[in-house]
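*Asks:* Below is the file input10.txt, with compact mmCIF, C-alpha atoms.
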```txt
# COMPACT_ATOMS: atom_id res chain seq x y z
CA MET A 1 4.09 19.45 42.06
CA ILE A 2 3.27 16.48 39.90
CA ASN A 3 2.66 13.26 41.77
CA PHE A 4 4.39 10.65 39.65
CA LYS A 5 2.87 7.83 41.71
CA TRP A 6 -0.57 8.57 40.28
CA ILE A 7 0.70 8.95 36.74
CA LYS A 8 2.58 5.69 37.06
CA LEU A 9 -0.48 3.94 38.49
CA PHE A 10 -2.66 5.35 35.75
CA LEU A 11 -0.28 4.07 33.07
CA VAL A 12 -0.13 0.67 34.74
CA PHE A 13 -3.92 0.69 34.95
CA LEU A 14 -4.18 1.43 31.23
CA PHE A 15 -1.60 -1.21 30.48
CA ALA A 16 -3.55 -3.79 32.48
CA PHE A 17 -6.73 -3.00 30.56
CA VAL A 18 -4.93 -3.25 27.26
CA LEU A 19 -3.46 -6.57 28.37
CA GLN A 20 -6.85 -7.81 29.47
CA THR A 21 -8.49 -6.95 26.18
CA THR A 22 -5.68 -8.18 23.95
CA VAL A 23 -3.27 -10.66 25.53
CA GLY A 24 -5.97 -11.89 27.88
CA ASP A 25 -7.89 -13.26 24.91
CA TRP A 26 -4.84 -14.83 23.33
CA LEU A 27 -3.86 -16.55 26.59
CA GLN A 28 -7.23 -18.24 26.94
CA ILE A 29 -7.18 -22.03 27.26
CA PHE A 30 -10.55 -23.69 26.76
CA GLY A 31 -12.23 -20.34 27.31
CA VAL A 32 -10.37 -19.72 30.57
CA GLY A 33 -8.03 -16.74 30.80
CA PRO A 34 -6.17 -14.77 33.47
CA ASP A 35 -7.68 -11.66 35.05
CA PHE A 36 -5.05 -8.93 34.83
CA ILE A 37 -7.36 -6.41 36.48
CA VAL A 38 -7.54 -8.39 39.72
CA ILE A 39 -3.78 -8.87 39.65
CA LEU A 40 -3.36 -5.12 39.25
CA ILE A 41 -5.71 -4.21 42.08
CA VAL A 42 -4.19 -6.74 44.48
CA ALA A 43 -0.68 -5.54 43.56
CA ILE A 44 -1.61 -1.88 44.07
CA ALA A 45 -3.40 -2.55 47.31
CA ILE A 46 -0.49 -4.55 48.72
CA LYS A 47 1.98 -1.88 47.73
CA TYR A 48 0.08 1.32 48.54
CA GLY A 49 -2.49 0.38 51.13
CA PRO A 50 -6.31 0.36 51.47
CA ALA A 51 -7.13 3.94 50.38
CA THR A 52 -5.24 3.65 47.11
CA GLY A 53 -6.39 0.05 46.75
CA CYS A 54 -10.06 0.87 47.06
CA PHE A 55 -9.73 3.91 44.78
CA TRP A 56 -8.18 1.91 41.95
CA GLY A 57 -10.48 -0.99 42.74
CA PHE A 58 -13.41 1.38 42.33
CA LEU A 59 -12.01 2.72 39.06
CA ALA A 60 -11.25 -0.73 37.67
CA GLY A 61 -14.61 -2.15 38.70
CA PHE A 62 -16.43 0.82 37.28
CA THR A 63 -14.60 0.46 33.96
CA GLN A 64 -15.54 -3.20 33.87
CA ASP A 65 -19.14 -2.32 34.69
CA ILE A 66 -19.31 0.08 31.78
CA TYR A 67 -18.77 -2.83 29.43
CA ALA A 68 -21.04 -5.21 31.36
CA PRO A 69 -24.84 -5.34 30.98
CA VAL A 70 -26.25 -2.03 32.17
CA GLU A 71 -28.58 -3.61 34.72
CA TRP A 72 -25.53 -4.95 36.59
CA LEU A 73 -23.93 -1.52 36.86
CA GLY A 74 -22.17 -1.17 40.21
CA ALA A 75 -21.61 -4.87 40.82
CA HIS A 76 -18.01 -4.92 39.66
CA THR A 77 -17.44 -1.52 41.24
CA ILE A 78 -18.50 -2.68 44.69
CA ALA A 79 -16.69 -6.01 44.40
CA MET A 80 -13.37 -4.49 43.34
CA THR A 81 -13.61 -1.66 45.87
CA ILE A 82 -14.04 -4.19 48.64
CA VAL A 83 -11.16 -6.32 47.33
CA GLY A 84 -8.91 -3.25 47.07
CA PHE A 85 -9.74 -2.19 50.57
CA LEU A 86 -9.40 -5.64 52.14
CA VAL A 87 -6.14 -6.50 50.44
CA GLY A 88 -4.87 -3.04 51.30
CA GLN A 89 -4.95 -4.04 54.96
CA LEU A 90 -1.89 -6.14 54.17
CA GLU A 91 0.07 -3.10 53.03
CA GLU A 92 3.76 -3.72 52.57
CA ARG A 93 4.61 -0.79 54.80
CA PHE A 94 3.54 -2.84 57.78
CA LEU A 95 3.86 -6.41 56.56
CA THR A 96 6.30 -8.22 54.36
CA LEU A 97 4.62 -10.77 52.14
CA ASN A 98 6.58 -13.39 50.33
CA LEU A 99 5.57 -14.72 46.93
CA PRO A 100 3.36 -17.65 48.13
CA ALA A 101 1.59 -15.28 50.52
CA LYS A 102 0.94 -12.82 47.73
CA MET A 103 -0.38 -15.68 45.57
CA ALA A 104 -2.71 -16.71 48.39
CA VAL A 105 -3.90 -13.13 48.81
CA LEU A 106 -4.50 -12.92 45.08
CA ALA A 107 -6.50 -16.15 45.12
CA ILE A 108 -8.61 -14.94 48.03
CA GLY A 109 -9.10 -11.57 46.38
CA PHE A 110 -10.22 -13.27 43.19
CA PHE A 111 -12.75 -15.44 45.07
CA VAL A 112 -14.06 -12.54 47.11
CA SER A 113 -14.46 -10.42 44.01
CA ASP A 114 -16.33 -13.15 42.14
CA MET A 115 -18.52 -14.03 45.08
CA ILE A 116 -19.56 -10.42 45.68
CA TYR A 117 -20.20 -10.01 41.98
CA PHE A 118 -22.38 -13.13 41.83
CA LEU A 119 -24.21 -12.00 44.93
CA LEU A 120 -24.90 -8.50 43.61
CA THR A 121 -25.97 -9.59 40.16
CA GLY A 122 -28.62 -11.82 41.73
CA LEU A 123 -27.83 -14.89 39.66
CA GLN A 124 -29.63 -18.11 40.56
CA LYS A 125 -27.90 -20.60 42.83
CA ASP A 126 -27.43 -23.33 40.23
CA VAL A 127 -26.03 -20.81 37.73
CA VAL A 128 -23.60 -19.53 40.33
CA THR A 129 -22.55 -23.09 41.20
CA ASN A 130 -21.99 -23.87 37.56
CA LEU A 131 -20.03 -20.65 37.04
CA PHE A 132 -17.99 -21.27 40.15
CA PHE A 133 -16.71 -24.61 38.91
CA SER A 134 -16.50 -23.80 35.22
CA LYS A 135 -15.10 -20.26 35.45
CA THR A 136 -14.12 -19.05 38.90
CA LEU A 137 -11.94 -21.99 39.93
CA PRO A 138 -9.94 -22.43 36.72
CA GLU A 139 -9.65 -18.68 36.13
CA CYS A 140 -8.51 -18.19 39.70
CA ALA A 141 -5.80 -20.82 39.23
CA TYR A 142 -4.69 -19.31 35.95
CA THR A 143 -4.71 -15.78 37.41
CA VAL A 144 -2.66 -16.89 40.40
CA ILE A 145 -0.04 -18.45 38.11
CA VAL A 146 0.18 -15.33 35.93
CA GLY A 147 0.08 -13.15 39.07
CA ALA A 148 3.00 -15.11 40.54
CA VAL A 149 5.05 -14.26 37.48
CA VAL A 150 4.05 -10.59 37.75
CA PHE A 151 4.84 -10.45 41.49
CA TYR A 152 8.14 -12.23 40.94
CA LEU A 153 9.18 -9.85 38.17
CA SER A 154 8.08 -6.74 40.07
CA ALA A 155 9.83 -7.94 43.24
CA GLY A 156 13.00 -8.57 41.23
CA LYS A 157 12.83 -5.07 39.78
CA ALA A 158 12.23 -3.54 43.21
CA GLY A 159 15.15 -5.54 44.64
CA LYS A 160 17.42 -4.28 41.91
CA LYS A 161 16.35 -0.72 42.61
CA ARG A 162 17.09 -1.10 46.31
CA SER A 163 20.51 -2.64 45.66
CA VAL A 164 21.49 0.27 43.40
CA MET B 1 -6.73 23.98 44.10
CA PHE B 2 -3.80 21.80 45.01
CA ARG B 3 -4.57 22.28 48.69
CA ALA B 4 -8.15 21.21 48.17
CA PHE B 5 -6.98 18.10 46.33
CA ARG B 6 -4.45 17.41 49.07
CA PHE B 7 -7.18 17.78 51.71
CA ILE B 8 -9.43 15.28 49.95
CA VAL B 9 -6.57 12.81 49.53
CA ASP B 10 -5.64 13.16 53.20
CA LEU B 11 -9.25 12.76 54.22
CA PHE B 12 -9.56 9.60 52.19
CA THR B 13 -6.30 8.08 53.33
CA GLN B 14 -6.66 8.77 57.07
CA ARG B 15 -8.13 6.20 59.43
CA HIS B 16 -6.60 3.47 57.35
CA GLY B 17 -8.57 4.42 54.26
CA ILE B 18 -11.94 3.71 55.82
CA ILE B 19 -13.41 7.00 54.59
CA ALA B 20 -12.31 6.35 51.06
CA PHE B 21 -13.69 2.83 51.28
CA VAL B 22 -17.05 3.97 52.60
CA PHE B 23 -17.25 6.71 49.97
CA PHE B 24 -16.49 4.45 47.02
CA LEU B 25 -18.70 1.70 48.41
CA LEU B 26 -21.56 4.14 48.72
CA VAL B 27 -21.05 5.35 45.17
CA GLY B 28 -21.05 1.75 44.01
CA LEU B 29 -24.19 0.93 45.95
CA LEU B 30 -25.94 4.04 44.63
CA MET B 31 -25.11 2.99 41.11
CA ARG B 32 -26.30 -0.52 41.87
CA GLN B 33 -29.61 0.74 43.23
CA ALA B 34 -30.13 3.45 40.60
CA PRO B 35 -33.06 3.12 38.17
CA GLY B 36 -32.37 1.67 34.74
CA VAL B 37 -32.56 5.05 33.00
CA VAL B 38 -29.96 6.56 35.32
CA LYS B 39 -27.72 3.55 34.84
CA GLU B 40 -27.98 3.93 31.08
CA ASN B 41 -27.21 7.64 31.38
CA ILE B 42 -24.14 6.92 33.49
CA VAL B 43 -22.88 4.30 31.07
CA SER B 44 -23.55 6.33 27.94
CA SER B 45 -22.02 9.52 29.37
CA ILE B 46 -18.89 7.71 30.56
CA LEU B 47 -18.56 5.85 27.28
CA GLY B 48 -19.09 9.00 25.26
CA THR B 49 -16.82 11.31 27.22
CA VAL B 50 -14.01 9.11 28.48
CA LEU B 51 -13.80 5.59 27.18
CA TYR B 52 -14.67 5.95 23.52
CA PRO B 53 -12.26 8.87 22.99
CA ALA B 54 -9.57 6.95 24.87
CA GLN B 55 -10.28 3.83 22.85
CA MET B 56 -10.30 5.89 19.70
CA ALA B 57 -6.92 7.33 20.59
CA ILE B 58 -5.52 3.87 21.24
CA SER B 59 -7.13 2.37 18.19
CA SER B 60 -5.95 5.31 16.06
CA LEU B 61 -2.39 4.16 16.78
CA ASP B 62 -3.31 0.76 15.45
CA ALA B 63 -5.18 2.44 12.61
CA TYR B 64 -2.07 4.47 11.83
CA ARG B 65 -0.05 1.28 11.61
CA SER B 66 -2.63 -0.31 9.37
CA VAL B 67 -2.83 2.87 7.28
CA VAL B 68 0.93 2.75 6.79
CA ALA B 69 0.70 -0.88 5.70
CA GLU B 70 -2.30 -0.12 3.53
CA ASN B 71 -0.51 2.86 2.02
CA GLU B 72 2.43 0.65 1.09
CA GLN B 73 0.08 -1.90 -0.42
CA LEU B 74 -1.81 0.79 -2.32
CA LYS B 75 1.43 2.21 -3.66
CA GLN B 76 2.35 -1.18 -5.04
CA GLU B 77 -1.11 -1.65 -6.47
CA ASN B 78 -1.02 1.83 -7.94
CA ALA B 79 2.30 1.11 -9.63
CA ARG B 80 0.93 -2.15 -10.99
CA LEU B 81 -2.28 -0.49 -12.23
CA ARG B 82 -0.34 2.36 -13.81
CA GLN B 83 1.80 -0.19 -15.59
CA GLU B 84 -1.31 -2.05 -16.72
CA THR B 85 -2.94 1.19 -17.88
CA TYR B 86 0.23 2.06 -19.72
CA TYR B 87 0.25 -1.33 -21.44
CA ALA B 88 -3.45 -1.03 -22.26
CA SER B 89 -2.92 2.42 -23.72
CA GLU B 90 0.06 1.17 -25.69
CA GLY B 91 -2.00 -1.76 -26.95
CA LEU B 92 -4.79 0.59 -28.01
CA GLN B 93 -2.40 2.80 -29.94
CA GLU B 94 -0.86 -0.26 -31.55
CA LEU B 95 -4.30 -1.48 -32.51
CA THR B 96 -5.06 1.86 -34.16
CA ARG B 97 -1.85 1.69 -36.11
CA LEU B 98 -2.52 -1.87 -37.17
CA HIS B 99 -6.03 -0.92 -38.26
CA ALA B 100 -4.50 1.76 -40.45
CA LEU B 101 -2.09 -0.78 -41.83
CA VAL B 102 -4.89 -3.10 -42.80
CA ARG B 103 -6.25 -0.33 -44.99
CA PHE B 104 -2.76 0.50 -46.26
CA ASP B 105 -1.83 -3.09 -46.98
CA ASP B 106 -2.14 -5.21 -50.08
CA LYS B 107 -1.83 -2.69 -52.84
CA TRP B 108 1.14 -4.52 -54.21
CA GLY B 109 0.24 -8.14 -53.66
CA TYR B 110 3.36 -9.07 -51.69
CA PRO B 111 3.23 -10.75 -48.30
CA ILE B 112 3.96 -8.40 -45.46
CA VAL B 113 5.86 -9.15 -42.27
CA THR B 114 5.03 -7.00 -39.29
CA ALA B 115 8.05 -6.07 -37.20
CA ARG B 116 8.78 -4.10 -34.08
CA VAL B 117 11.60 -1.61 -33.91
CA VAL B 118 13.97 -2.86 -31.21
CA GLY B 119 16.97 -0.64 -31.75
CA HIS B 120 18.63 2.02 -33.79
CA ASN B 121 22.10 3.23 -34.62
CA PRO B 122 23.87 5.04 -31.81
CA GLY B 123 25.09 7.92 -33.97
CA ARG B 124 23.97 11.51 -33.89
CA PHE B 125 21.62 11.10 -36.85
CA LEU B 126 19.20 8.28 -37.03
CA THR B 127 20.04 6.33 -40.18
CA THR B 128 19.52 2.69 -39.23
CA ILE B 129 17.01 0.79 -37.16
CA VAL B 130 16.92 -2.81 -35.97
CA ILE B 131 13.74 -4.82 -36.23
CA ASN B 132 12.80 -8.06 -34.52
CA ARG B 133 12.26 -10.07 -37.68
CA GLY B 134 14.90 -11.98 -39.60
CA THR B 135 15.46 -14.91 -41.93
CA HIS B 136 13.36 -17.03 -39.62
CA HIS B 137 10.38 -14.86 -40.54
CA GLY B 138 11.17 -14.74 -44.25
CA VAL B 139 12.96 -11.39 -44.26
CA LYS B 140 15.78 -11.02 -46.77
CA GLU B 141 18.20 -8.29 -47.74
CA ASN B 142 16.96 -5.43 -49.94
CA MET B 143 13.33 -5.93 -49.05
CA PRO B 144 11.36 -2.65 -48.78
CA VAL B 145 10.34 -1.48 -45.37
CA PHE B 146 7.48 0.90 -44.83
CA SER B 147 5.12 2.09 -42.16
CA MET B 148 1.48 3.06 -42.34
CA ASN B 149 2.61 6.60 -43.17
CA GLY B 150 4.99 5.82 -45.94
CA LEU B 151 8.34 4.46 -47.02
CA VAL B 152 10.90 3.83 -44.31
CA GLY B 153 13.84 2.23 -46.06
CA LYS B 154 15.16 -1.17 -46.97
CA VAL B 155 16.63 -4.18 -45.23
CA THR B 156 20.41 -4.18 -45.45
CA LYS B 157 21.47 -6.99 -43.16
CA VAL B 158 19.58 -10.01 -41.94
CA SER B 159 20.21 -12.45 -39.11
CA TYR B 160 18.05 -15.27 -37.82
CA GLY B 161 15.74 -13.20 -35.68
CA TYR B 162 16.74 -9.61 -36.38
CA SER B 163 17.31 -7.34 -39.35
CA ARG B 164 18.95 -4.01 -39.93
CA VAL B 165 16.98 -1.45 -41.90
CA GLN B 166 18.59 1.41 -43.77
CA LEU B 167 16.39 4.48 -43.47
CA LEU B 168 15.68 6.97 -46.23
CA VAL B 169 17.82 9.52 -44.38
CA ASP B 170 20.89 7.31 -44.75
CA PRO B 171 23.15 9.06 -47.25
CA ASN B 172 24.00 5.69 -48.83
CA LEU B 173 20.40 5.07 -49.88
CA LYS B 174 19.27 6.53 -53.15
CA LEU B 175 15.99 5.78 -54.81
CA SER B 176 13.95 6.66 -57.79
CA VAL B 177 10.82 8.68 -57.03
CA LEU B 178 7.84 9.89 -58.98
CA GLU B 179 6.01 13.14 -58.48
CA ARG B 180 2.38 12.25 -58.31
CA ARG B 181 0.88 15.30 -60.02
CA THR B 182 3.34 15.85 -62.83
CA ARG B 183 4.39 12.18 -63.15
CA VAL B 184 7.97 13.28 -63.51
CA VAL B 185 10.66 10.91 -62.29
CA GLY B 186 13.59 12.01 -60.18
CA PHE B 187 15.89 10.56 -57.59
CA LEU B 188 15.97 11.03 -53.87
CA GLU B 189 18.90 11.01 -51.49
CA SER B 190 19.84 12.22 -48.06
CA VAL B 191 21.83 15.43 -47.93
CA ASP B 192 23.56 15.24 -44.60
CA GLY B 193 21.98 12.42 -42.68
CA HIS B 194 18.75 14.13 -41.76
CA MET B 195 17.43 16.06 -44.79
CA LEU B 196 16.05 14.49 -47.94
CA MET B 197 16.68 16.06 -51.27
CA ALA B 198 15.22 15.15 -54.65
CA MET B 199 16.40 16.18 -58.11
CA VAL B 200 13.86 16.54 -60.91
CA PRO B 201 14.01 18.16 -64.36
CA THR B 202 13.23 21.86 -64.36
CA HIS B 203 10.58 21.61 -67.06
CA ALA B 204 8.38 19.39 -64.91
CA GLY B 205 7.09 22.34 -62.89
CA VAL B 206 7.19 20.62 -59.53
CA LYS B 207 6.36 22.97 -56.69
CA ALA B 208 6.19 22.94 -52.92
CA GLY B 209 3.44 20.76 -51.57
CA ASP B 210 3.65 18.16 -54.30
CA THR B 211 3.83 14.53 -53.28
CA LEU B 212 6.55 12.04 -54.06
CA ILE B 213 6.01 8.31 -54.34
CA THR B 214 8.33 5.47 -55.30
CA SER B 215 8.62 5.11 -59.03
CA GLY B 216 9.31 1.38 -59.10
CA LEU B 217 12.20 1.92 -61.47
CA GLY B 218 14.98 1.05 -59.07
CA GLY B 219 13.93 -2.57 -58.91
CA ILE B 220 13.89 -2.69 -55.14
CA PHE B 221 10.85 -0.63 -54.14
CA PRO B 222 7.55 -1.25 -55.86
CA LYS B 223 5.79 1.65 -57.45
CA GLY B 224 3.43 3.80 -55.45
CA ILE B 225 4.74 3.80 -51.88
CA PRO B 226 4.33 7.35 -50.46
CA VAL B 227 7.68 8.95 -49.72
CA GLY B 228 7.11 12.55 -48.73
CA THR B 229 6.05 16.04 -49.72
CA VAL B 230 8.07 18.72 -51.39
CA LYS B 231 8.93 21.42 -48.87
CA SER B 232 10.75 23.83 -51.11
CA VAL B 233 12.12 23.95 -54.65
CA GLY B 234 15.49 25.49 -55.43
CA GLN B 235 17.99 25.86 -58.21
CA ALA B 236 20.41 22.96 -58.72
CA ASP B 237 23.96 23.18 -60.03
CA LEU B 238 22.63 22.44 -63.49
CA ASP B 239 19.99 24.73 -64.99
CA VAL B 240 18.04 21.78 -66.32
CA MET B 241 17.51 20.34 -62.87
CA ARG B 242 15.58 21.50 -59.83
CA GLN B 243 16.61 20.65 -56.30
CA MET B 244 13.77 19.97 -53.84
CA TYR B 245 13.84 19.53 -50.13
CA VAL B 246 11.49 16.74 -49.14
CA VAL B 247 9.77 16.08 -45.85
CA PRO B 248 9.18 12.34 -45.46
CA PHE B 249 5.74 11.15 -44.51
CA GLN B 250 7.17 9.01 -41.78
CA GLU B 251 8.96 10.64 -38.89
CA PHE B 252 11.73 8.09 -38.30
CA SER B 253 12.42 8.93 -34.67
CA THR B 254 8.91 7.86 -33.67
CA LEU B 255 8.93 4.54 -35.47
CA GLU B 256 7.65 1.65 -33.39
CA GLU B 257 6.34 -0.86 -35.88
CA VAL B 258 7.29 -1.31 -39.47
CA PHE B 259 6.24 -3.65 -42.22
CA VAL B 260 8.61 -5.56 -44.38
CA MET B 261 7.35 -6.25 -47.85
CA GLU B 262 8.51 -9.67 -48.93
CA LYS B 263 9.51 -8.44 -52.31
CA GLU B 264 12.86 -9.45 -53.64
CA PRO B 265 14.69 -7.17 -56.09
CA ASP B 266 13.87 -7.62 -59.76
CA TRP B 267 16.15 -10.09 -61.50
CA ILE B 268 18.21 -7.46 -63.30
CA ILE B 269 18.80 -5.55 -60.11
CA ARG B 270 19.61 -8.79 -58.32
CA GLU B 271 22.25 -9.52 -60.91
CA LEU B 272 23.66 -6.05 -60.51
CA LEU B 273 23.66 -6.39 -56.75
CA ASP B 274 25.36 -9.79 -57.00
CA ASP B 275 28.04 -8.27 -59.20
```
If you convert what's in this file into structure tokens, what do you get?

*Replies:*
Amino acid sequence: MINFKWIKLFLVFLFAFVLQTTVGDWLQIFGVGPDFIVILIVAIAIKYGPATGCFWGFLAGFTQDIYAPVEWLGAHTIAMTIVGFLVGQLEERFLTLNLPAKMAVLAIGFFVSDMIYFLLTGLQKDVVTNLFFSKTLPECAYTVIVGAVVFYLSAGKAGKKRSV
Amino acid sequence: MFRAFRFIVDLFTQRHGIIAFVFFLLVGLLMRQAPGVVKENIVSSILGTVLYPAQMAISSLDAYRSVVAENEQLKQENARLRQETYYASEGLQELTRLHALVRFDDKWGYPIVTARVVGHNPGRFLTTIVINRGTHHGVKENMPVFSMNGLVGKVTKVSYGYSRVQLLVDPNLKLSVLERRTRVVGFLESVDGHMLMAMVPTHAGVKAGDTLITSGLGGIFPKGIPVGTVKSVGQADLDVMRQMYVVPFQEFSTLEEVFVMEKEPDWIIRELLDD
């Protein structure tokens, strides 16, 4: 029997990567753009739990690592796996998160991911500080705004489904 | 197979996903700690087997779209280039014809007006053509018209920018001709709108293959313009005359440019025409 959940997730995963590599560039403001991959992993983890979250986190991080410098291979993978697993603890089966809560989770997930990544890549402290203020903070804000729209739209769609 | 997959999924999802987390974390850490060569191998193998083909598949969709657009553009360009080639080829042919004219020209000392054939009579037989030169260019009625191959006809009607030319095959046009070899004079007319027939005295001994030129006796055409060759010689109604079928040098259906000789009819002919 075909598990449509995995096919659907795979298509969404592909879609997120296409968005990241196309629309993500167009949406950049002063070099700062949203991170659709983090939004995807947080959304999956909230919806399907830690196992699915860390699996797709692993896959997403690994894909990102492939395109990153080879000496940093594994950094994204570990970071996104951890984020997927941690956010998955807030699975919707057990908890009901409203939109601000999801935005907060997304923001935390983004910070955690970036911090682990910085830690694993072994960047110097001043570089990390600079990156934190010039990239992490504004990108986190931008990602949370875009993520809010995504969560809102997906929640609306789910609500419609339930009402039918 | 499915059971094995199910077992792995269950294993990974039980205990709140901790096993899956530990597994993926370990894989990540192993990759992180792997030597540079191994890392490069991992990256190159993944890129070569999964990502590049996937990217190629995605980009081929975009490439297909661009190919469609490019195809459309190339079609337009092809049409334009074909048109240009056609014009260039036409120009080259025209140049060749004009070169021939330059050699043909100026035997008679009259100015020549070059004209393009822009129309012809709509009837079954081609007897009249329209040229794009008129009074504005110095063309007048009864001026001889010829091509680089030979005589075409004469101007019968003139307007400001256009003229009508009566072809040799028009039954209403009769002219005096001279056989080049025997120097015998006869007259030429169209039999039924598409065949030319000449009448010459029997004693002249004209035979098939002989050439006819204008005699200059009619007062309209100057002497010496090639008219055609004798195709066959037959008996006329009168024993003293021979009837010859003539093939004109110029094929009228393929006329594109003609030359109008600015020669007005001789005064005696003009008087006769005026009468």

*Asks:* Kindly determine which residues of chain B lie within 8 Å of chain A, considering all atoms listed in the file, and give the answer as a CSV table (one decimal) with C-alpha atoms, in the frame of the given file.

*Replies:*
```csv
chain,number,residue,atom,x,y,z
B,12,PHE,CA,-9.6,9.6,52.2
B,13,THR,CA,-6.3,8.1,53.3
B,16,HIS,CA,-6.6,3.5,57.4
B,17,GLY,CA,-8.6,4.4,54.3
B,18,ILE,CA,-11.9,3.7,55.8
B,20,ALA,CA,-12.3,6.4,51.1
B,21,PHE,CA,-13.7,2.8,51.3
B,24,PHE,CA,-16.5,4.4,47.0
B,25,LEU,CA,-18.7,1.7,48.4
B,28,GLY,CA,-21.0,1.8,44.0
B,29,LEU,CA,-24.2,0.9,46.0
B,30,LEU,CA,-25.9,4.0,44.6
B,31,MET,CA,-25.1,3.0,41.1
B,32,ARG,CA,-26.3,-0.5,41.9
B,36,GLY,CA,-32.4,1.7,34.7
B,39,LYS,CA,-27.7,3.6,34.8
B,40,GLU,CA,-28.0,3.9,31.1
B,43,VAL,CA,-22.9,4.3,31.1
B,46,ILE,CA,-18.9,7.7,30.6
B,47,LEU,CA,-18.6,5.8,27.3
```

*Asks:* Within 6 Å of Val152 of chain B, counting only C-alpha atoms, which residues qualify if same-chain residues fewer than 3 places away don't, as a PDB file with C-alpha atoms, in the coordinates of the input?

*Replies:*
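The result, stored in part14.pdb:
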```pdb
ATOM      1  CA  VAL B 145      10.340  -1.480 -45.370  1.00  0.00           C
ATOM      2  CA  PHE B 146       7.480   0.900 -44.830  1.00  0.00           C
ATOM      3  CA  LEU B 167      16.390   4.480 -43.470  1.00  0.00           C
TER       4      LEU B 167
END
```

*Asks:* Find the spatial neighbours of Ile129 of chain B, counting only C-alpha atoms, within a cut-off of 6 Å - ignore same-chain residues fewer than 3 positions away - and output them as a PyMOL selection string.

*Replies:* chain B and resi 119-120+164-165

*Asks:* Okay, now the selection with C-alpha atoms, as a PDB file, in the coordinates of the input?

*Replies:*
```pdb
ATOM      1  CA  GLY B 119      16.970  -0.640 -31.750  1.00  0.00           C
ATOM      2  CA  HIS B 120      18.630   2.020 -33.790  1.00  0.00           C
ATOM      3  CA  ARG B 164      18.950  -4.010 -39.930  1.00  0.00           C
ATOM      4  CA  VAL B 165      16.980  -1.450 -41.900  1.00  0.00           C
TER       5      VAL B 165
END
```

*Asks:* Point out the residue among A:Val112, A:Val83, A:Leu99, A:Ile39 with the least atom-to-atom distance to Tyr142 of chain A, counting all atoms listed in the file.

*Replies:* A:Ile39

*Asks:* Skipping near chain neighbours, those fewer than 6 positions away, what residues fall within 12 Å of Thr21 of chain A using all atoms listed in the file, listed as a PDB file with C-alpha atoms, keeping the file's coordinate frame?

*Replies:*
```pdb
ATOM      1  CA  LEU A  14      -4.180   1.430  31.230  1.00  0.00           C
ATOM      2  CA  PHE A  15      -1.600  -1.210  30.480  1.00  0.00           C
ATOM      3  CA  LEU A  27      -3.860 -16.550  26.590  1.00  0.00           C
ATOM      4  CA  GLN A  28      -7.230 -18.240  26.940  1.00  0.00           C
ATOM      5  CA  GLY A  33      -8.030 -16.740  30.800  1.00  0.00           C
ATOM      6  CA  PRO A  34      -6.170 -14.770  33.470  1.00  0.00           C
ATOM      7  CA  ASP A  35      -7.680 -11.660  35.050  1.00  0.00           C
ATOM      8  CA  PHE A  36      -5.050  -8.930  34.830  1.00  0.00           C
ATOM      9  CA  ILE A  37      -7.360  -6.410  36.480  1.00  0.00           C
ATOM     10  CA  GLN A  64     -15.540  -3.200  33.870  1.00  0.00           C
ATOM     11  CA  TYR A  67     -18.770  -2.830  29.430  1.00  0.00           C
TER      12      TYR A  67
ATOM     13  CA  GLN B  55     -10.280   3.830  22.850  1.00  0.00           C
TER      14      GLN B  55
END
```

*Asks:* Between B:Ser147, B:Thr127, B:Val184, B:Ala115, which is the closest to Gly161 of chain B once you count all atoms listed in the file?

*Replies:* B:Ala115

*Asks:* For Gly31 of chain A, which residue out of A:Ser134, A:Thr143, A:Tyr152, A:Leu97 is the nearest one, using all atoms listed in the file?

*Replies:*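 Answer, going by the shortest atom-to-atom distance: A:Ser134.
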
*Asks:* In Å, how far is it from atom CA of Leu238 of chain B to atom CA of Ser176 of chain B?

*Replies:* 18.9 Å

*Asks:* Excluding same-chain residues fewer than 5 positions from Met195 of chain B, what lies within 8 Å of it counting only C-alpha atoms, as a list in words?

*Replies:*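 Using only C-alpha atoms, the neighbours found are Val169, Ser190, Tyr245, Val246 and Val247 of chain B.
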
*Asks:* Pick out the residues sitting within 12 Å of Lys5 of chain A, and hand them over as a ChimeraX atom specification; count only C-alpha atoms, and ignore anything fewer than 6 positions along from it in its own chain.

*Replies:* /A:11-13,44,47-48,52

*Asks:* Quick one: distance from atom CA of Leu168 of chain B to atom CA of Glu189 of chain B in Å, one decimal?

*Replies:*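 We find that atom CA of Leu168 of chain B and atom CA of Glu189 of chain B lie 7.4 Å from each other.
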
*Asks:* Just give me the gap between atom CA of Gly147 of chain A and atom CA of Ser113 of chain A in Å, one decimal is fine.

*Replies:*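 Atom-to-atom, atom CA of Gly147 of chain A and atom CA of Ser113 of chain A are spaced 15.6 Å apart.
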
*Asks:* Using all atoms listed in the file, which of B:Leu175, B:Leu126, B:Ile19, B:Ile112 sits nearest Thr254 of chain B?

*Replies:*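 Counting all atoms listed in the file, the residue closest to Thr254 of chain B is B:Leu126.
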
*Asks:* For each of B:Val258, B:Val67, B:Val185, B:Ile131, take the minimum atom-to-atom distance to Tyr160 of chain B, counting only C-alpha atoms, then give the residue where this is smallest.

*Replies:*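 Ranking B:Val258, B:Val67, B:Val185, B:Ile131 by distance to Tyr160 of chain B, first place goes to B:Ile131.
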